[in-house]
>>> print(open('input23.pdb').read())   # PDB, C-alpha atoms and all ligand atoms
ATOM      1  CA  MET A  11      -4.868  -0.573  23.335
ATOM      2  CA  ASP A  12      -1.793  -2.813  23.132
ATOM      3  CA  ALA A  13      -0.860  -2.526  19.467
ATOM      4  CA  GLU A  14       0.804  -5.937  19.347
ATOM      5  CA  ALA A  15      -2.396  -7.487  20.613
ATOM      6  CA  THR A  16      -4.452  -5.550  18.085
ATOM      7  CA  LEU A  17      -2.084  -6.399  15.290
ATOM      8  CA  SER A  18      -1.840 -10.074  15.941
ATOM      9  CA  SER A  19      -5.583 -10.296  16.457
ATOM     10  CA  THR A  20      -8.380 -11.098  14.223
ATOM     11  CA  LEU A  21      -9.079 -13.157  11.251
ATOM     12  CA  GLN A  22     -11.459 -10.407  10.245
ATOM     13  CA  PRO A  23      -9.368  -7.277  10.642
ATOM     14  CA  GLN A  24     -11.058  -3.919  10.709
ATOM     15  CA  ILE A  25     -10.584  -1.794   7.608
ATOM     16  CA  ILE A  26     -10.223   1.947   7.840
ATOM     17  CA  ASP A  27     -13.063   3.803   6.191
ATOM     18  CA  TYR A  28     -12.098   6.247   3.448
ATOM     19  CA  GLU A  29     -15.477   6.027   1.756
ATOM     20  CA  GLY A  30     -16.628   9.516   0.814
ATOM     21  CA  SER A  31     -13.450  11.059   2.237
ATOM     22  CA  GLN A  32     -11.983  14.174   0.672
ATOM     23  CA  TYR A  33      -8.497  12.686   0.854
ATOM     24  CA  ARG A  34      -7.317  14.345  -2.332
ATOM     25  CA  THR A  35      -8.429  17.859  -1.495
ATOM     26  CA  GLU A  36      -8.121  17.771   2.283
ATOM     27  CA  PHE A  37      -4.763  16.019   2.535
ATOM     28  CA  TRP A  38      -2.916  16.763  -0.697
ATOM     29  CA  GLU A  39      -4.096  19.542  -2.934
ATOM     30  CA  GLY A  40      -3.207  22.953  -1.554
ATOM     31  CA  GLN A  41      -2.285  21.441   1.830
ATOM     32  CA  GLY A  42       1.435  22.203   1.760
ATOM     33  CA  ARG A  43       2.553  18.630   1.071
ATOM     34  CA  GLU A  44       4.239  19.171  -2.304
ATOM     35  CA  TYR A  45       7.562  18.152  -0.756
ATOM     36  CA  GLU A  46       6.210  14.854   0.613
ATOM     37  CA  ASN A  47       4.549  14.083  -2.702
ATOM     38  CA  LEU A  48       7.713  14.802  -4.691
ATOM     39  CA  VAL A  49       9.913  12.821  -2.337
ATOM     40  CA  GLU A  50       7.743   9.733  -2.632
ATOM     41  CA  ARG A  51       7.639  10.005  -6.397
ATOM     42  CA  LEU A  52      11.423  10.345  -6.702
ATOM     43  CA  ALA A  53      11.986   7.387  -4.409
ATOM     44  CA  ILE A  54       9.492   5.174  -6.252
ATOM     45  CA  GLN A  55      11.123   6.047  -9.561
ATOM     46  CA  ARG A  56      14.464   4.967  -8.142
ATOM     47  CA  LEU A  57      13.306   1.576  -6.920
ATOM     48  CA  LEU A  58      10.504   0.468  -9.239
ATOM     49  CA  PRO A  59      11.469  -1.485 -12.366
ATOM     50  CA  PRO A  60      10.487   1.011 -15.094
ATOM     51  CA  THR A  61       8.695  -1.490 -17.335
ATOM     52  CA  GLY A  62       6.697  -4.645 -16.887
ATOM     53  CA  ASP A  63       3.493  -6.492 -17.611
ATOM     54  CA  ILE A  64       0.969  -6.147 -14.764
ATOM     55  CA  LEU A  65       1.464  -3.722 -11.893
ATOM     56  CA  LEU A  66      -0.854  -3.638  -8.892
ATOM     57  CA  GLU A  67      -1.083  -0.685  -6.557
ATOM     58  CA  ALA A  68      -2.740  -1.834  -3.345
ATOM     59  CA  GLY A  69      -4.565   0.962  -1.519
ATOM     60  CA  ALA A  70      -4.133   3.248  -4.509
ATOM     61  CA  GLY A  71      -6.637   5.842  -3.270
ATOM     62  CA  PHE A  72      -7.463   8.374  -5.963
ATOM     63  CA  GLY A  73      -4.527   7.302  -8.142
ATOM     64  CA  ARG A  74      -2.072   9.973  -7.017
ATOM     65  CA  LEU A  75       0.935   7.924  -8.125
ATOM     66  CA  ALA A  76      -0.544   6.285 -11.215
ATOM     67  CA  ASP A  77       1.445   8.301 -13.759
ATOM     68  CA  LEU A  78       4.591   6.583 -12.463
ATOM     69  CA  TYR A  79       3.434   3.304 -13.991
ATOM     70  CA  ALA A  80       3.638   4.412 -17.629
ATOM     71  CA  GLY A  81       5.975   1.524 -18.518
ATOM     72  CA  TYR A  82       3.464  -1.187 -17.524
ATOM     73  CA  ARG A  83       1.122  -2.900 -19.964
ATOM     74  CA  ARG A  84      -1.693  -3.143 -17.410
ATOM     75  CA  VAL A  85      -2.145  -1.238 -14.156
ATOM     76  CA  ILE A  86      -4.550  -2.343 -11.442
ATOM     77  CA  LEU A  87      -5.587   0.376  -9.013
ATOM     78  CA  MET A  88      -7.139  -1.370  -6.040
ATOM     79  CA  ASP A  89      -8.616   0.226  -2.954
ATOM     80  CA  TYR A  90     -11.337  -0.486  -0.408
ATOM     81  CA  SER A  91     -12.889   2.919  -0.980
ATOM     82  CA  PHE A  92     -15.248   2.936  -3.927
ATOM     83  CA  SER A  93     -15.502   6.737  -3.921
ATOM     84  CA  LEU A  94     -11.711   7.181  -4.138
ATOM     85  CA  LEU A  95     -11.626   4.716  -7.008
ATOM     86  CA  GLN A  96     -14.261   6.794  -8.751
ATOM     87  CA  GLU A  97     -11.890   9.742  -8.482
ATOM     88  CA  ALA A  98      -9.072   7.580  -9.813
ATOM     89  CA  ARG A  99     -11.290   6.634 -12.702
ATOM     90  CA  MET A 100     -11.990  10.286 -13.467
ATOM     91  CA  LEU A 101      -8.235  10.812 -13.682
ATOM     92  CA  TRP A 102      -7.160   7.599 -15.450
ATOM     93  CA  GLY A 103     -10.292   5.994 -16.860
ATOM     94  CA  ASP A 104      -9.546   7.062 -20.437
ATOM     95  CA  ASP A 105      -6.368   5.027 -20.438
ATOM     96  CA  GLU A 106      -7.238   1.449 -21.376
ATOM     97  CA  ARG A 107      -4.326   0.032 -19.433
ATOM     98  CA  PHE A 108      -6.059   0.793 -16.128
ATOM     99  CA  VAL A 109      -8.324  -1.573 -14.180
ATOM    100  CA  PHE A 110     -10.161  -0.303 -11.083
ATOM    101  CA  VAL A 111     -10.894  -2.800  -8.333
ATOM    102  CA  ALA A 112     -12.648  -2.264  -5.004
ATOM    103  CA  ALA A 113     -11.387  -4.955  -2.624
ATOM    104  CA  SER A 114      -9.512  -5.565   0.592
ATOM    105  CA  ILE A 115      -5.788  -6.158   0.691
ATOM    106  CA  TYR A 116      -6.560  -9.027   3.056
ATOM    107  CA  GLU A 117      -8.541 -10.883   0.377
ATOM    108  CA  MET A 118      -7.325  -9.777  -2.986
ATOM    109  CA  PRO A 119      -9.471 -10.945  -5.883
ATOM    110  CA  PHE A 120      -6.543 -11.861  -8.096
ATOM    111  CA  ALA A 121      -5.121 -15.135  -9.291
ATOM    112  CA  SER A 122      -1.913 -16.221  -7.599
ATOM    113  CA  SER A 123       1.293 -14.973  -9.252
ATOM    114  CA  LEU A 124      -0.710 -12.571 -11.394
ATOM    115  CA  VAL A 125       1.336  -9.399 -11.024
ATOM    116  CA  ASP A 126       4.956  -8.660 -11.703
ATOM    117  CA  ALA A 127       5.185  -5.498  -9.601
ATOM    118  CA  LEU A 128       3.264  -4.453  -6.500
ATOM    119  CA  VAL A 129       3.331  -1.012  -4.873
ATOM    120  CA  MET A 130       1.869  -0.041  -1.500
ATOM    121  CA  VAL A 131       2.399   3.515  -0.262
ATOM    122  CA  ARG A 132       0.839   5.159   2.817
ATOM    123  CA  VAL A 133      -1.301   2.101   3.472
ATOM    124  CA  MET A 134       0.661  -0.206   5.785
ATOM    125  CA  HIS A 135       0.124   2.241   8.663
ATOM    126  CA  HIS A 136      -3.612   1.501   8.442
ATOM    127  CA  LEU A 137      -3.300  -2.271   8.535
ATOM    128  CA  GLN A 138      -4.316  -4.054  11.688
ATOM    129  CA  ALA A 139      -3.131  -7.431  10.349
ATOM    130  CA  PRO A 140       0.131  -6.778   8.463
ATOM    131  CA  ASP A 141       1.060 -10.477   8.301
ATOM    132  CA  LEU A 142      -2.206 -11.314   6.597
ATOM    133  CA  ALA A 143      -1.676  -8.510   4.088
ATOM    134  CA  LEU A 144       1.937  -9.513   3.403
ATOM    135  CA  GLY A 145       0.841 -13.105   2.866
ATOM    136  CA  GLU A 146      -1.680 -11.965   0.255
ATOM    137  CA  ILE A 147       0.926  -9.759  -1.393
ATOM    138  CA  ALA A 148       3.368 -12.675  -1.632
ATOM    139  CA  ARG A 149       0.580 -14.787  -3.123
ATOM    140  CA  VAL A 150      -0.451 -12.455  -5.952
ATOM    141  CA  LEU A 151       3.109 -11.380  -6.798
ATOM    142  CA  GLN A 152       5.176 -13.579  -9.088
ATOM    143  CA  GLY A 153       8.296 -15.245  -7.710
ATOM    144  CA  GLY A 154      11.409 -13.116  -7.980
ATOM    145  CA  LYS A 155       9.438  -9.922  -8.615
ATOM    146  CA  VAL A 156       9.379  -6.606  -6.797
ATOM    147  CA  PHE A 157       7.215  -5.364  -3.945
ATOM    148  CA  LEU A 158       7.683  -1.701  -3.093
ATOM    149  CA  LEU A 159       6.483  -0.794   0.389
ATOM    150  CA  GLU A 160       6.348   2.565   2.120
ATOM    151  CA  TYR A 161       5.751   2.476   5.867
ATOM    152  CA  ALA A 162       5.756   4.925   8.768
ATOM    153  CA  ASN A 163       8.875   4.583  10.927
ATOM    154  CA  LYS A 164       8.240   4.822  14.690
ATOM    155  CA  ARG A 165      11.974   5.115  15.474
ATOM    156  CA  ASN A 166      12.363   8.453  13.714
ATOM    157  CA  LEU A 167      14.519  11.328  14.910
ATOM    158  CA  LYS A 168      11.638  13.480  16.113
ATOM    159  CA  ALA A 169      10.108  10.633  18.133
ATOM    160  CA  ILE A 170      13.507   9.810  19.655
ATOM    161  CA  ALA A 171      14.106  13.459  20.618
ATOM    162  CA  ARG A 172      10.629  13.794  22.129
ATOM    163  CA  TYR A 173      11.093  10.586  24.080
ATOM    164  CA  MET A 174      14.513  11.658  25.391
ATOM    165  CA  LEU A 175      13.095  15.029  26.448
ATOM    166  CA  ARG A 176      10.166  13.247  28.131
ATOM    167  CA  ARG A 177       7.646  14.907  25.873
ATOM    168  CA  GLN A 178       6.345  11.533  24.739
ATOM    169  CA  ARG A 179       5.615   8.447  26.793
ATOM    170  CA  TRP A 180       5.859   5.706  24.190
ATOM    171  CA  ASN A 181       9.289   4.276  23.519
ATOM    172  CA  PRO A 182      10.368   4.524  19.859
ATOM    173  CA  PHE A 183      13.041   1.850  20.404
ATOM    174  CA  ARG A 184      10.589  -0.856  21.355
ATOM    175  CA  ARG A 185       9.962  -3.135  18.423
ATOM    176  CA  GLU A 186       6.231  -3.611  18.585
ATOM    177  CA  PRO A 187       4.063  -1.331  16.410
ATOM    178  CA  TYR A 188       2.590   1.749  18.019
ATOM    179  CA  GLU A 189      -1.067   2.555  17.376
ATOM    180  CA  PHE A 190      -1.133   6.335  17.808
ATOM    181  CA  VAL A 191      -4.817   6.631  16.920
ATOM    182  CA  PRO A 192      -7.160   3.759  16.108
ATOM    183  CA  LEU A 193      -6.121   2.028  12.883
ATOM    184  CA  ASN A 194      -2.985   4.160  12.509
ATOM    185  CA  PHE A 195       0.279   2.382  13.282
ATOM    186  CA  ASP A 196       3.952   3.322  13.257
ATOM    187  CA  PHE A 197       6.422   0.485  12.781
ATOM    188  CA  HIS A 198       9.948  -0.196  13.954
ATOM    189  CA  PRO A 199      12.195  -0.922  10.932
ATOM    190  CA  ALA A 200      13.605  -4.087  12.506
ATOM    191  CA  TRP A 201      10.084  -5.386  13.169
ATOM    192  CA  MET A 202       9.005  -4.632   9.628
ATOM    193  CA  THR A 203      12.101  -6.248   8.121
ATOM    194  CA  GLU A 204      11.477  -9.377  10.143
ATOM    195  CA  ARG A 205       7.803  -9.553   9.071
ATOM    196  CA  LEU A 206       8.667  -9.012   5.421
ATOM    197  CA  ARG A 207      11.254 -11.785   5.506
ATOM    198  CA  ARG A 208       8.849 -14.108   7.241
ATOM    199  CA  SER A 209       6.419 -13.593   4.346
ATOM    200  CA  GLY A 210       9.116 -14.351   1.806
ATOM    201  CA  LEU A 211       9.401 -10.723   0.746
ATOM    202  CA  VAL A 212      13.106 -10.190   1.131
ATOM    203  CA  PRO A 213      14.284  -6.561   1.494
ATOM    204  CA  GLU A 214      16.856  -5.697  -1.115
ATOM    205  CA  ARG A 215      17.195  -1.935  -0.966
ATOM    206  CA  GLU A 216      15.849   0.799   1.288
ATOM    207  CA  LEU A 217      15.479   4.560   1.164
ATOM    208  CA  ALA A 218      14.910   6.735   4.227
ATOM    209  CA  ILE A 219      12.588   9.473   2.991
ATOM    210  CA  SER A 220      10.715  12.580   4.077
ATOM    211  CA  SER A 221      13.519  13.535   6.469
ATOM    212  CA  PHE A 222      12.743  17.256   6.081
ATOM    213  CA  ARG A 223       9.123  17.136   7.117
ATOM    214  CA  LEU A 224       9.524  20.288   9.216
ATOM    215  CA  ALA A 225       7.225  23.254   8.766
ATOM    216  CA  ALA A 226       9.985  25.845   9.297
ATOM    217  CA  LEU A 227      12.217  24.255   6.682
ATOM    218  CA  LYS A 228       9.383  23.758   4.225
ATOM    219  CA  ARG A 229       8.555  27.462   4.503
ATOM    220  CA  ARG A 230      12.102  28.488   3.582
ATOM    221  CA  VAL A 231      13.147  25.983   0.931
ATOM    222  CA  SER A 232      11.218  25.150  -2.229
ATOM    223  CA  PRO A 233       9.613  21.674  -2.337
ATOM    224  CA  GLU A 234      11.652  20.763  -5.424
ATOM    225  CA  ARG A 235      14.960  21.644  -3.812
ATOM    226  CA  LEU A 236      14.068  19.958  -0.530
ATOM    227  CA  ALA A 237      12.920  16.826  -2.350
ATOM    228  CA  ARG A 238      16.148  16.680  -4.361
ATOM    229  CA  LEU A 239      18.204  16.968  -1.195
ATOM    230  CA  ASP A 240      16.092  14.322   0.504
ATOM    231  CA  ASN A 241      16.550  12.050  -2.486
ATOM    232  CA  ALA A 242      20.309  12.562  -2.472
ATOM    233  CA  LEU A 243      20.524  11.540   1.187
ATOM    234  CA  ALA A 244      17.905   8.781   1.175
ATOM    235  CA  GLY A 245      20.307   5.908   0.462
ATOM    236  CA  LEU A 246      22.770   6.955   3.118
ATOM    237  CA  GLY A 247      19.928   7.648   5.535
ATOM    238  CA  ALA A 248      18.702   4.071   5.112
ATOM    239  CA  LYS A 249      21.778   2.900   7.016
ATOM    240  CA  VAL A 250      20.438   4.496  10.196
ATOM    241  CA  LYS A 251      16.733   4.848   9.368
ATOM    242  CA  LEU A 252      15.808   7.916  11.398
ATOM    243  CA  SER A 253      13.371   9.371   8.874
ATOM    244  CA  PRO A 254       9.598   9.291   9.399
ATOM    245  CA  SER A 255       9.045   7.227   6.282
ATOM    246  CA  ILE A 256      10.877   4.264   4.732
ATOM    247  CA  LEU A 257      10.551   2.913   1.225
ATOM    248  CA  VAL A 258      11.720  -0.662   0.883
ATOM    249  CA  LYS A 259      12.148  -2.709  -2.250
ATOM    250  CA  CYS A 260      11.564  -6.401  -1.624
ATOM    251  CA  ARG A 261      11.860  -9.417  -3.858
ATOM    252  CA  ASN A 262       9.332 -12.197  -3.564
ATOM    253  CA  GLN A 263      11.179 -15.368  -2.748
ATOM    254  CA  LYS A 264       8.224 -17.276  -1.453
ATOM    255  CA  ARG A 265       6.646 -18.205  -4.711
ATOM    256  CA  GLU A 266       8.337 -20.311  -7.284
ATOM    257  CA  MET A 267      10.121 -18.392 -10.033
ATOM    258  CA  SER A 268       7.932 -19.748 -12.795
ATOM    259  CA  VAL A 269       5.128 -17.493 -13.864
ATOM    260  CA  ALA A 270       1.522 -18.603 -13.697
ATOM    261  CA  PRO A 271      -0.234 -18.818 -17.045
ATOM    262  CA  LEU A 272      -2.188 -15.589 -17.071
ATOM    263  CA  SER A 273      -4.265 -16.046 -20.138
ATOM    264  CA  THR A 274      -5.828 -19.425 -19.330
ATOM    265  CA  LYS A 275      -8.020 -19.026 -16.281
ATOM    266  CA  GLY A 276      -7.385 -15.658 -15.425
ATOM    267  CA  PHE A 277      -6.923 -12.570 -13.806
ATOM    268  CA  PHE A 278      -9.480 -12.583 -11.034
ATOM    269  CA  ARG A 279      -9.862 -15.054  -8.195
ATOM    270  CA  CYS A 280     -13.131 -15.273  -6.303
ATOM    271  CA  PRO A 281     -12.475 -13.859  -2.821
ATOM    272  CA  ALA A 282     -15.296 -15.993  -1.401
ATOM    273  CA  CYS A 283     -14.202 -19.451  -2.598
ATOM    274  CA  ALA A 284     -10.769 -18.900  -4.231
ATOM    275  CA  ALA A 285     -11.813 -20.312  -7.605
ATOM    276  CA  VAL A 286     -10.099 -18.723 -10.575
ATOM    277  CA  GLU A 287     -12.765 -19.453 -13.152
ATOM    278  CA  LEU A 288     -14.812 -16.310 -13.294
ATOM    279  CA  GLU A 289     -17.049 -15.373 -16.134
ATOM    280  CA  HIS A 290     -17.468 -11.844 -17.378
ATOM    281  CA  ARG A 291     -21.057 -10.883 -18.062
ATOM    282  CA  ALA A 292     -22.526  -7.463 -18.813
ATOM    283  CA  GLU A 293     -22.361  -5.831 -15.401
ATOM    284  CA  VAL A 294     -21.024  -8.639 -13.248
ATOM    285  CA  VAL A 295     -18.245 -11.142 -12.916
ATOM    286  CA  VAL A 296     -19.664 -14.510 -11.896
ATOM    287  CA  CYS A 297     -17.749 -17.227 -10.094
ATOM    288  CA  ARG A 298     -18.334 -20.552 -11.823
ATOM    289  CA  GLN A 299     -17.685 -22.455  -8.611
ATOM    290  CA  CYS A 300     -19.702 -20.674  -5.909
ATOM    291  CA  HIS A 301     -21.908 -18.634  -8.251
ATOM    292  CA  ARG A 302     -21.245 -15.378  -6.495
ATOM    293  CA  ALA A 303     -21.844 -12.428  -8.791
ATOM    294  CA  TRP A 304     -19.424  -9.570  -8.257
ATOM    295  CA  PRO A 305     -20.820  -6.297  -9.582
ATOM    296  CA  ILE A 306     -19.085  -3.914 -11.936
ATOM    297  CA  VAL A 307     -20.332  -0.464 -10.992
ATOM    298  CA  ASP A 308     -19.377   2.582 -13.048
ATOM    299  CA  GLY A 309     -16.315   0.795 -14.361
ATOM    300  CA  VAL A 310     -15.154  -0.426 -10.939
ATOM    301  CA  TYR A 311     -15.048  -4.168 -10.154
ATOM    302  CA  ASP A 312     -16.515  -4.501  -6.688
ATOM    303  CA  PHE A 313     -15.215  -7.482  -4.704
ATOM    304  CA  ARG A 314     -15.792  -6.064  -1.243
ATOM    305  CA  ASN A 315     -18.889  -7.804  -0.016
ATOM    306  CA  VAL A 316     -17.284 -11.149   0.748
ATOM    307  CA  SER A 317     -19.436 -13.707   2.436
ATOM    308  CA  ARG A 318     -18.640 -17.405   2.602
ATOM    309  CA  GLU A 319     -22.231 -18.449   2.055
ATOM    310  CA  THR A 320     -22.804 -20.191  -1.215
ATOM    311  CA  PRO A 321     -25.745 -18.783  -3.078
ATOM    312  CA  SER A 322     -27.880 -21.250  -4.945
ATOM    313  CA  ALA A 323     -27.025 -21.642  -8.581
TER     314      ALA A 323
HETATM  315  C1  LIG A 401      -3.568   7.326   3.202
HETATM  316  S1  LIG A 401      -4.423   6.667   1.851
HETATM  317  C2  LIG A 401      -3.130   6.438   0.654
HETATM  318  C3  LIG A 401      -3.624   6.370  -0.765
HETATM  319  C4  LIG A 401      -2.499   6.241  -1.808
HETATM  320  N1  LIG A 401      -1.705   5.059  -1.579
HETATM  321  C5  LIG A 401      -1.633   7.459  -1.787
HETATM  322  O1  LIG A 401      -0.505   7.375  -1.281
HETATM  323  O2  LIG A 401      -2.061   8.500  -2.275
HETATM  324  C6  LIG A 401      -4.718   5.017   2.416
HETATM  325  C7  LIG A 401      -5.555   4.194   1.452
HETATM  326  O3  LIG A 401      -5.503   2.819   1.818
HETATM  327  C8  LIG A 401      -6.774   2.255   1.622
HETATM  328  N2  LIG A 401      -6.890   1.049   2.463
HETATM  329  C9  LIG A 401      -6.722   0.978   3.802
HETATM  330  N3  LIG A 401      -6.910  -0.288   4.225
HETATM  331  C10 LIG A 401      -7.201  -1.024   3.119
HETATM  332  C11 LIG A 401      -7.511  -2.409   2.899
HETATM  333  N4  LIG A 401      -7.545  -3.290   3.888
HETATM  334  N5  LIG A 401      -7.764  -2.807   1.637
HETATM  335  C12 LIG A 401      -7.739  -1.926   0.600
HETATM  336  N6  LIG A 401      -7.457  -0.612   0.759
HETATM  337  C13 LIG A 401      -7.188  -0.161   1.999
HETATM  338  C14 LIG A 401      -7.733   3.354   2.007
HETATM  339  O4  LIG A 401      -9.031   3.149   1.505
HETATM  340  C15 LIG A 401      -7.016   4.593   1.434
HETATM  341  O5  LIG A 401      -7.413   4.877   0.130
END
>>> encode(input="input23.pdb", output="structure tokens")
Amino acid sequence: MDAEATLSSTLQPQIIDYEGSQYRTEFWEGQGREYENLVERLAIQRLLPPTGDILLEAGAGFGRLADLYAGYRRVILMDYSFSLLQEARMLWGDDERFVFVAASIYEMPFASSLVDALVMVRVMHHLQAPDLALGEIARVLQGGKVFLLEYANKRNLKAIARYMLRRQRWNPFRREPYEFVPLNFDFHPAWMTERLRRSGLVPERELAISSFRLAALKRRVSPERLARLDNALAGLGAKVKLSPSILVKCRNQKREMSVAPLSTKGFFRCPACAAVELEHRAEVVVCRQCHRAWPIVDGVYDFRNVSRETPSA
């Protein structure tokens, strides 16, 4: 399918299904990706402000990166997969700073300007409607604050070489995203930069990471050493952006610099009617405007089942 058509489509974008997936054990643990994990962690540590008030990780999965947020007073781990959030809760649930929220990036259940740092890693490549997601990100992030985005770069060295050698038909130099399997997209850096800017998320610094994602190299050099080398070259590499993954630090210039009053009405925003007056009851959060009751199941706030119908009071 034409990826540009898919991407620009739909007010109701499809969401990839990670429910019940063994993402932690089948993709990370014991799967030979120590280098990739280390590289991402080093890069995030370089670009993320080390301290702050409320940090949101969008598409946080099982909370792989959550220890990097130790300097934040409150950490929201949000994902569409309830089962992955349960795993995150097993790992981080004892730490009172953490809040676990099941919701879509396209309709985040948070008050505008709530968070002062937002991280999204290994998620953008699943998003069918990036503009919608970036709009939501700009909404919930305070003005002047940092959005850290990792995305998959279609114009990477391997793709260029394969294209030149006619081993691959799709053109890595074309700007439109490439959907290599359904709901998996690679992005051209120029396209992504333009979309970020359009959303008011202005790129400030970039790192080109995971440049040594080659089995032969990974067999010979330890993950720590390879990750250190990658980290040393990541800034320089960002000038040409030939790596398979890019981490970009953006500043939100869309929203006004003043910070919304967090304590008054709140933290959550009803994803069905956008009201910010929600009342905490025993096992639900109830919207005072549309009366939707959003369940809290095993310590996870569940805002996924959005319907615009107004239940009777
Ligand atoms: C490849 S995993 C990455 C998880 C985590 N960021 C990490 O790097 O370990 C992608 C995650 O994005 C989540 N996701 C994809 N689309 C989403 C959406 N529209 N809203 C919320 N989460 C989404 C998936 O459920 C999954 O947990």
>>> atom_distance(input="input23.pdb", atom1="CA of Ile219 (chain A)", atom2="atom O2 of ligand LIG 401 (chain A)")
15.6 Å
>>> closest_residue(input="input23.pdb", among="A:Arg215, A:Arg235, A:Arg99, A:Arg56", to="Lys249 (chain A)", atoms="only C-alpha atoms")
A:Arg215
>>> residues_around(input="input23.pdb", residues="Ala303 (chain A)", least_positions_apart="4", cutoff="10 Å", atoms="only C-alpha atoms", output="PDB file with C-alpha atoms, in the coordinates of the input")
ATOM      1  CA  CYS A 280     -13.131 -15.273  -6.303  1.00  0.00           C
ATOM      2  CA  LEU A 288     -14.812 -16.310 -13.294  1.00  0.00           C
ATOM      3  CA  GLU A 289     -17.049 -15.373 -16.134  1.00  0.00           C
ATOM      4  CA  HIS A 290     -17.468 -11.844 -17.378  1.00  0.00           C
ATOM      5  CA  ARG A 291     -21.057 -10.883 -18.062  1.00  0.00           C
ATOM      6  CA  GLU A 293     -22.361  -5.831 -15.401  1.00  0.00           C
ATOM      7  CA  VAL A 294     -21.024  -8.639 -13.248  1.00  0.00           C
ATOM      8  CA  VAL A 295     -18.245 -11.142 -12.916  1.00  0.00           C
ATOM      9  CA  VAL A 296     -19.664 -14.510 -11.896  1.00  0.00           C
ATOM     10  CA  CYS A 297     -17.749 -17.227 -10.094  1.00  0.00           C
ATOM     11  CA  ARG A 298     -18.334 -20.552 -11.823  1.00  0.00           C
ATOM     12  CA  ASP A 312     -16.515  -4.501  -6.688  1.00  0.00           C
ATOM     13  CA  PHE A 313     -15.215  -7.482  -4.704  1.00  0.00           C
ATOM     14  CA  PRO A 321     -25.745 -18.783  -3.078  1.00  0.00           C
TER      15      PRO A 321
END
>>> closest_residue(input="input23.pdb", among="A:Glu106, A:Glu216, A:Glu39, A:Glu287", to="ligand LIG 401 (chain A)", atoms="only C-alpha atoms and all ligand atoms")
A:Glu39
>>> axis_aligned_box(input="input23.pdb", around="region 163-180 of chain A", padding_each_side="6 Å", output="lines of an AutoDock Vina configuration file")
center_x = 10.1
center_y = 9.8
center_z = 19.5
size_x = 20.9
size_y = 22.4
size_z = 29.2
>>> residues_near_ligand(input="input23.pdb", ligand="ligand LIG 401 (chain A)", cutoff="8 Å", atoms="all atoms listed in the file", output="PDB file with C-alpha atoms, keeping the file's coordinate frame")
ATOM      1  CA  GLN A  24     -11.058  -3.919  10.709  1.00  0.00           C
ATOM      2  CA  ILE A  25     -10.584  -1.794   7.608  1.00  0.00           C
ATOM      3  CA  ILE A  26     -10.223   1.947   7.840  1.00  0.00           C
ATOM      4  CA  ASP A  27     -13.063   3.803   6.191  1.00  0.00           C
ATOM      5  CA  TYR A  28     -12.098   6.247   3.448  1.00  0.00           C
ATOM      6  CA  GLU A  29     -15.477   6.027   1.756  1.00  0.00           C
ATOM      7  CA  TYR A  33      -8.497  12.686   0.854  1.00  0.00           C
ATOM      8  CA  ARG A  34      -7.317  14.345  -2.332  1.00  0.00           C
ATOM      9  CA  GLU A  67      -1.083  -0.685  -6.557  1.00  0.00           C
ATOM     10  CA  ALA A  68      -2.740  -1.834  -3.345  1.00  0.00           C
ATOM     11  CA  GLY A  69      -4.565   0.962  -1.519  1.00  0.00           C
ATOM     12  CA  ALA A  70      -4.133   3.248  -4.509  1.00  0.00           C
ATOM     13  CA  GLY A  71      -6.637   5.842  -3.270  1.00  0.00           C
ATOM     14  CA  PHE A  72      -7.463   8.374  -5.963  1.00  0.00           C
ATOM     15  CA  GLY A  73      -4.527   7.302  -8.142  1.00  0.00           C
ATOM     16  CA  ARG A  74      -2.072   9.973  -7.017  1.00  0.00           C
ATOM     17  CA  LEU A  75       0.935   7.924  -8.125  1.00  0.00           C
ATOM     18  CA  MET A  88      -7.139  -1.370  -6.040  1.00  0.00           C
ATOM     19  CA  ASP A  89      -8.616   0.226  -2.954  1.00  0.00           C
ATOM     20  CA  TYR A  90     -11.337  -0.486  -0.408  1.00  0.00           C
ATOM     21  CA  SER A  91     -12.889   2.919  -0.980  1.00  0.00           C
ATOM     22  CA  LEU A  94     -11.711   7.181  -4.138  1.00  0.00           C
ATOM     23  CA  ALA A 112     -12.648  -2.264  -5.004  1.00  0.00           C
ATOM     24  CA  ALA A 113     -11.387  -4.955  -2.624  1.00  0.00           C
ATOM     25  CA  SER A 114      -9.512  -5.565   0.592  1.00  0.00           C
ATOM     26  CA  ILE A 115      -5.788  -6.158   0.691  1.00  0.00           C
ATOM     27  CA  TYR A 116      -6.560  -9.027   3.056  1.00  0.00           C
ATOM     28  CA  MET A 130       1.869  -0.041  -1.500  1.00  0.00           C
ATOM     29  CA  VAL A 131       2.399   3.515  -0.262  1.00  0.00           C
ATOM     30  CA  ARG A 132       0.839   5.159   2.817  1.00  0.00           C
ATOM     31  CA  VAL A 133      -1.301   2.101   3.472  1.00  0.00           C
ATOM     32  CA  MET A 134       0.661  -0.206   5.785  1.00  0.00           C
ATOM     33  CA  HIS A 136      -3.612   1.501   8.442  1.00  0.00           C
ATOM     34  CA  LEU A 137      -3.300  -2.271   8.535  1.00  0.00           C
ATOM     35  CA  ALA A 143      -1.676  -8.510   4.088  1.00  0.00           C
TER      36      ALA A 143
END
>>> atom_distance(input="input23.pdb", atom1="CA of Phe195 (chain A)", atom2="CA of Arg238 (chain A)")
27.7 Å
>>> residues_around(input="input23.pdb", residues="Ala162 (chain A)", least_positions_apart="2", cutoff="9 Å", atoms="only C-alpha atoms", output="PyMOL selection string")
chain A and resi 132+134-135+160+164+166+195-199+253-256
>>> closest_residue(input="input23.pdb", among="A:Thr61, A:Ser221, A:Ser123, A:Gln41", to="Asp240 (chain A)", atoms="all atoms listed in the file")
A:Ser221
>>> atom_distance(input="input23.pdb", atom1="CA of Met100 (chain A)", atom2="CA of Ala80 (chain A)")
17.2 Å
